[in-house]
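Below you'll find the structure, written out as structure tokens, and then a few comments.
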Amino acid sequence: MQIEHVDEVRHRIPKSARHGMRTDVLFYASGPILDQVEKDRALEQAMNVACLPGIVGPSLAMPDIHQGYGFPIGGVAAMDWDTGVVSPGGVGYDINCGVRLIRTNLEKDEVRSRLKELVDQVFRDVPCGVGGKGHLDISGKQLDQILEQGAEWMVEHGYGEPSDIEHCEERGCLAAASAAEVSARAKERGRPQIGTLGSGNHFLEIQFVHRVHDEEAARCYGLEEGQVVVLIHSGSRGLGHQVCTDFLAQMGAAMKKYGITLPDRQLACVPIQSPEGQSYLKAMRAAANFAWANRQAMLHFVRGSFQKVFGKRVRLGLIYDVCHNIAKREKYQYNGRSVDVLVHRKGATRAFPPRHPEIPADYRAVGQPVLIPGSMGTASWVLAGCERAMEESFGSVCHGAGRLLSRHAAKHGRDARAVQRELEERGILVRSETRDGILEEVPEAYKDVDEVIEVVHRAGLARKVARLRPMGVIKG
Amino acid sequence: MAVYELLDHTADMGFRVRAASLEELFVQAAEALVSIAVNPLCATPLEMRSLRCSGATLEDRFINWLNEVLWLLDGERFLPALFDDLRLEGDSVSALVWGEPRDDARHPPRIVVKAATFHQLVIREHNGMWEAEVFLDI
């Protein structure tokens, strides 16, 4: 593969590398990550994305890049709003899969002494939903409201506090969503699952702030060393999966109509301005709103769990909620001109810099909190968005550690109880609804999250604020 | 009993199935999908459902069929025990599915499968045997 090394963390595959590419691939990696990235087909997938009509700037890949289906995971592509395409595969099946970070007024040591009780309580209160059912019973009419109102619906119905909304990307609701564009099947699949975590790489972790790297930003986000926080990683559950399936099934025929041919059918796309494109975007926004409502409900349940164990004095405040599987219309100055684009983030996180008007007012001085979950036994990170992300990555950075091993390889020769015991010896309690939930997510299955973070920090896309370490893990 | 080979994929999971006919290939793939998602050993053929879908190409029909089975599992919460009378006629696929309502205590879930994807999908015939490779989003 023809790779030009721009600097120590930036690498380029020129558009001349393969017929059909409309632009370069720009990816971010350190030496060790570069070696790992070249082992699967992720870069080839980033080259496929570079073939999509209307792409603005390069096809971007973050240091957590790994092979997905169609788009690579860790991929970012900005499409011209008037002439570009929208691709459901560029968002993924788990629409608005994302992360929310919650601060508590508890210290690591006081939680450590009651950790088992707390983890068991959270495991009871927050359904994983592998079997498909949560604690909330909502009607079809209420679901339609959720699809158009997102997290706000939950808060209005007693599942949260008004300040939670202020601290969500897009205030927990994408405008111009339409419940009418979401199929009956998608609604039926998602309705019983609202307020559930899901399986795969989704998790809820009780963590503590291990190290603060940026005092000013940490203070602004309400973080200090030793403080206990909670990280929830989940998405739109079966509703989002079905929306993606429904639209991918329609797009094969639509692509013929628009004369679009692609190297991978899973990249199926249609013009943004076509009826099919607009219909998908309205349904995708509705699914995104479902995901925000889902994470909001889980925050409410977690508040209850902490209060059951530590009493009414305990306070849980939402620091921020970010989505990392989404397509959103945004405006940038790119190469000296104004561009109006639909930014596909497939396993990538928005990272807006200080003074950006879309950041909550209380964080505007330091930049948007960027939440990067790590693997089960390692670290997660809080970063702050930087100006350079606006200049070269359409306000985007990585979304996690990035898988290294397949699920099958991760499980090979390992025993779930032994993994659980090893983690316990390191002070990390794990509860999982399934044995595979533990084995497939063993720390060795992922890249070194610290190395991934080092790359985006050195690239100047986002800066380190705080490193978090897990104490308790709930998995599907 | 589903007979399939798991295929490695960094993020997701794939499987390969083989059969002497295209109809049987569709059945084998459906059985593989069910056994990846749920431990189906205890499923009993108590109730019957009929499944039908269509697609312009063989690939469309295959993926739409698997996603139809997934809907049965995840949307209707019905666990197939037996696929019967699978027919491929023109653009359509139909089958009778015998099984029972899912009960997580008796049919422990293994993993949530989000969808069957077109990614690296292969359906081919070689020396009278049909083979398919399909990747699931997990």
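Labels for the structure tokens follow display order: chains A, B, ..., residues from 1 in each chain, ligands from 1.
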
Within 6 Å of chain A, which residues belong to chain B? Use only C-alpha atoms and report them as a PyMOL selection string. chain B and resi 8-10+75+114+118-119

Got a sec to tell me which of chain B DSSP assigns to helix (DSSP H, G or I), as JSON, numbers by chain? {"B": [22, 23, 24, 25, 26, 27, 28, 29, 30, 31, 32, 33, 34, 35, 36, 37, 58, 59, 60, 61, 62, 63, 64, 65, 66, 67, 68, 69, 70, 71, 72, 73, 74, 75]}

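For Ala20 in chain B, the list of residues within 9 Å, based on only C-alpha atoms and with local chain neighbours fewer than 4 positions off taken out, reads B:Glu24, B:Leu25, B:Gly128, B:Met129, B:Trp130, B:Glu131.
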
Exercise: range 83-89 of chain B partners within 12 Å, only C-alpha atoms, chain neighbours under 2 positions left out, as a PyMOL selection string: chain B and resi 1-2+21-32+34+45+47-58+61-62+65+69+79-81+91-99

For Phe352 in chain A, work out the shell of residues within 10 Å, counting only C-alpha atoms and skipping chain neighbours fewer than 4 positions away, then give it as an NGL selection string. :A and (356-359 or 364 or 366-370 or 384-390 or 394-397 or 461-462)

Quick one: everything within 9 Å of Lys346 in chain A, counting only C-alpha atoms, minus sequence neighbours fewer than 3 positions away in the same chain. Send it as a VMD selection string. chain A and resid 71 to 77 89 to 92 324 to 327 349 399

Kindly save the residues from that selection, with N, CA and C atoms included, as a compact mmCIF listing (two decimals), in the first residue's frame.
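After the write, part-v1.txt holds the following:
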# COMPACT_ATOMS: atom_id res chain seq x y z
N PHE A 71 -17.78 1.16 5.81
CA PHE A 71 -16.87 2.15 6.41
C PHE A 71 -15.96 1.46 7.43
N PRO A 72 -14.73 1.95 7.57
CA PRO A 72 -13.93 1.46 8.71
C PRO A 72 -14.48 2.06 10.00
N ILE A 73 -14.28 1.40 11.09
CA ILE A 73 -14.66 1.97 12.39
C ILE A 73 -13.50 2.89 12.80
N GLY A 74 -13.86 4.10 13.18
CA GLY A 74 -12.82 5.13 13.38
C GLY A 74 -12.70 6.01 12.15
N GLY A 75 -13.72 5.96 11.27
CA GLY A 75 -13.69 6.71 10.02
C GLY A 75 -14.54 7.97 10.09
N VAL A 76 -14.10 9.00 9.38
CA VAL A 76 -14.85 10.26 9.29
C VAL A 76 -14.89 10.67 7.83
N ALA A 77 -16.08 11.03 7.34
CA ALA A 77 -16.19 11.51 5.96
C ALA A 77 -17.21 12.64 5.92
N GLY A 89 -24.35 3.03 6.10
CA GLY A 89 -23.18 2.28 6.58
C GLY A 89 -22.14 3.21 7.19
N GLY A 90 -22.20 4.50 6.83
CA GLY A 90 -21.27 5.48 7.39
C GLY A 90 -21.69 5.94 8.78
N VAL A 91 -22.85 5.50 9.19
CA VAL A 91 -23.34 5.79 10.54
C VAL A 91 -23.29 4.50 11.36
N GLY A 92 -23.68 3.40 10.69
CA GLY A 92 -23.64 2.11 11.36
C GLY A 92 -25.01 1.66 11.81
N HIS A 324 -21.00 8.72 18.92
CA HIS A 324 -19.88 8.42 18.03
C HIS A 324 -20.25 7.59 16.80
N ASN A 325 -21.56 7.41 16.55
CA ASN A 325 -22.03 6.83 15.27
C ASN A 325 -23.16 7.73 14.77
N ILE A 326 -22.85 8.63 13.86
CA ILE A 326 -23.86 9.64 13.51
C ILE A 326 -23.49 10.31 12.19
N ALA A 327 -24.47 10.94 11.56
CA ALA A 327 -24.20 11.84 10.42
C ALA A 327 -24.90 13.15 10.75
N THR A 349 -15.65 10.75 17.39
CA THR A 349 -16.32 11.63 18.34
C THR A 349 -16.14 13.09 17.93
N HIS A 399 -12.79 7.34 18.97
CA HIS A 399 -13.94 7.04 19.84
C HIS A 399 -13.66 5.97 20.88

Please give the complete set of residues from range 89-124 of chain B that DSSP, run on the backbone, assigns to strand (DSSP E or B), formatted as a PDB file with N, CA and C atoms, in the first residue's frame.
ATOM      1  N   GLU B  89     -38.753 -18.631  -5.155  1.00  0.00           N
ATOM      2  CA  GLU B  89     -39.566 -18.501  -6.369  1.00  0.00           C
ATOM      3  C   GLU B  89     -39.470 -17.078  -6.875  1.00  0.00           C
ATOM      4  N   SER B  92     -38.777 -13.977  -4.613  1.00  0.00           N
ATOM      5  CA  SER B  92     -39.210 -14.135  -3.220  1.00  0.00           C
ATOM      6  C   SER B  92     -38.639 -15.382  -2.533  1.00  0.00           C
ATOM      7  N   VAL B  93     -38.600 -15.305  -1.231  1.00  0.00           N
ATOM      8  CA  VAL B  93     -38.181 -16.416  -0.373  1.00  0.00           C
ATOM      9  C   VAL B  93     -39.324 -16.643   0.614  1.00  0.00           C
ATOM     10  N   SER B  94     -39.725 -17.887   0.799  1.00  0.00           N
ATOM     11  CA  SER B  94     -40.727 -18.153   1.825  1.00  0.00           C
ATOM     12  C   SER B  94     -40.362 -19.441   2.561  1.00  0.00           C
ATOM     13  N   ALA B  95     -40.812 -19.539   3.785  1.00  0.00           N
ATOM     14  CA  ALA B  95     -40.539 -20.753   4.566  1.00  0.00           C
ATOM     15  C   ALA B  95     -41.515 -20.825   5.733  1.00  0.00           C
ATOM     16  N   LEU B  96     -41.674 -22.028   6.236  1.00  0.00           N
ATOM     17  CA  LEU B  96     -42.417 -22.224   7.481  1.00  0.00           C
ATOM     18  C   LEU B  96     -41.385 -22.430   8.586  1.00  0.00           C
ATOM     19  N   VAL B  97     -41.619 -21.773   9.692  1.00  0.00           N
ATOM     20  CA  VAL B  97     -40.661 -21.869  10.796  1.00  0.00           C
ATOM     21  C   VAL B  97     -41.391 -22.415  12.018  1.00  0.00           C
ATOM     22  N   TRP B  98     -40.899 -23.532  12.531  1.00  0.00           N
ATOM     23  CA  TRP B  98     -41.450 -24.113  13.756  1.00  0.00           C
ATOM     24  C   TRP B  98     -40.540 -23.745  14.919  1.00  0.00           C
ATOM     25  N   GLY B  99     -41.163 -23.396  16.021  1.00  0.00           N
ATOM     26  CA  GLY B  99     -40.362 -23.030  17.185  1.00  0.00           C
ATOM     27  C   GLY B  99     -41.257 -22.688  18.355  1.00  0.00           C
ATOM     28  N   GLU B 100     -40.756 -21.830  19.238  1.00  0.00           N
ATOM     29  CA  GLU B 100     -41.538 -21.467  20.422  1.00  0.00           C
ATOM     30  C   GLU B 100     -41.145 -20.062  20.872  1.00  0.00           C
ATOM     31  N   PRO B 101     -41.993 -19.406  21.682  1.00  0.00           N
ATOM     32  CA  PRO B 101     -41.629 -18.086  22.207  1.00  0.00           C
ATOM     33  C   PRO B 101     -40.332 -18.177  23.012  1.00  0.00           C
ATOM     34  N   PRO B 109     -29.564 -16.339  26.025  1.00  0.00           N
ATOM     35  CA  PRO B 109     -29.040 -15.552  24.909  1.00  0.00           C
ATOM     36  C   PRO B 109     -27.518 -15.571  24.914  1.00  0.00           C
ATOM     37  N   ALA B 115     -27.448  -7.154  12.839  1.00  0.00           N
ATOM     38  CA  ALA B 115     -27.937  -7.359  11.470  1.00  0.00           C
ATOM     39  C   ALA B 115     -26.992  -8.272  10.702  1.00  0.00           C
ATOM     40  N   ALA B 116     -27.538  -8.876   9.636  1.00  0.00           N
ATOM     41  CA  ALA B 116     -26.698  -9.540   8.635  1.00  0.00           C
ATOM     42  C   ALA B 116     -26.333  -8.486   7.607  1.00  0.00           C
ATOM     43  N   THR B 117     -25.079  -8.435   7.199  1.00  0.00           N
ATOM     44  CA  THR B 117     -24.616  -7.334   6.333  1.00  0.00           C
ATOM     45  C   THR B 117     -24.214  -7.841   4.941  1.00  0.00           C
ATOM     46  N   PHE B 118     -24.118  -6.902   4.020  1.00  0.00           N
ATOM     47  CA  PHE B 118     -23.642  -7.220   2.665  1.00  0.00           C
ATOM     48  C   PHE B 118     -22.114  -7.241   2.608  1.00  0.00           C
ATOM     49  N   HIS B 119     -21.479  -6.881   3.712  1.00  0.00           N
ATOM     50  CA  HIS B 119     -20.029  -6.736   3.708  1.00  0.00           C
ATOM     51  C   HIS B 119     -19.327  -8.074   3.433  1.00  0.00           C
ATOM     52  N   GLN B 120     -18.533  -8.103   2.384  1.00  0.00           N
ATOM     53  CA  GLN B 120     -17.774  -9.309   1.980  1.00  0.00           C
ATOM     54  C   GLN B 120     -18.681 -10.525   1.811  1.00  0.00           C
ATOM     55  N   LEU B 121     -19.917 -10.277   1.444  1.00  0.00           N
ATOM     56  CA  LEU B 121     -20.849 -11.377   1.243  1.00  0.00           C
ATOM     57  C   LEU B 121     -20.442 -12.198   0.010  1.00  0.00           C
ATOM     58  N   VAL B 122     -20.403 -13.492   0.190  1.00  0.00           N
ATOM     59  CA  VAL B 122     -20.092 -14.389  -0.932  1.00  0.00           C
ATOM     60  C   VAL B 122     -21.159 -15.477  -0.976  1.00  0.00           C
ATOM     61  N   ILE B 123     -21.753 -15.664  -2.156  1.00  0.00           N
ATOM     62  CA  ILE B 123     -22.643 -16.818  -2.371  1.00  0.00           C
ATOM     63  C   ILE B 123     -22.185 -17.442  -3.687  1.00  0.00           C
ATOM     64  N   ARG B 124     -21.759 -18.693  -3.647  1.00  0.00           N
ATOM     65  CA  ARG B 124     -21.233 -19.287  -4.883  1.00  0.00           C
ATOM     66  C   ARG B 124     -21.566 -20.766  -4.950  1.00  0.00           C
TER      67      ARG B 124
END

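Note that CA of Ala288 in chain A and CA of Val182 in chain A are 11.6 Å apart.
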
For Arg211 in chain A: contacts at 6 Å, only C-alpha atoms, fewer than 3 positions along chain excluded, given as JSON, numbers by chain: {"A": [225, 466, 467]}

Could the residues in this selection be written to a file with N, CA, C and O atoms, as a compact mmCIF listing (two decimals), in the first residue's frame?
# COMPACT_ATOMS: atom_id res chain seq x y z
N GLU A 225 -8.70 14.34 41.02
CA GLU A 225 -8.12 13.00 41.24
C GLU A 225 -8.77 12.30 42.41
O GLU A 225 -9.05 12.91 43.45
N ALA A 466 -8.12 14.14 31.58
CA ALA A 466 -8.05 13.23 32.73
C ALA A 466 -8.09 11.78 32.27
O ALA A 466 -8.75 11.45 31.29
N ARG A 467 -7.36 10.95 33.01
CA ARG A 467 -7.37 9.51 32.76
C ARG A 467 -8.20 8.86 33.85
O ARG A 467 -8.03 9.17 35.04

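If you look at CA of Ile194 in chain A and CA of Pro162 in chain A, they are 19.8 Å away from each other.
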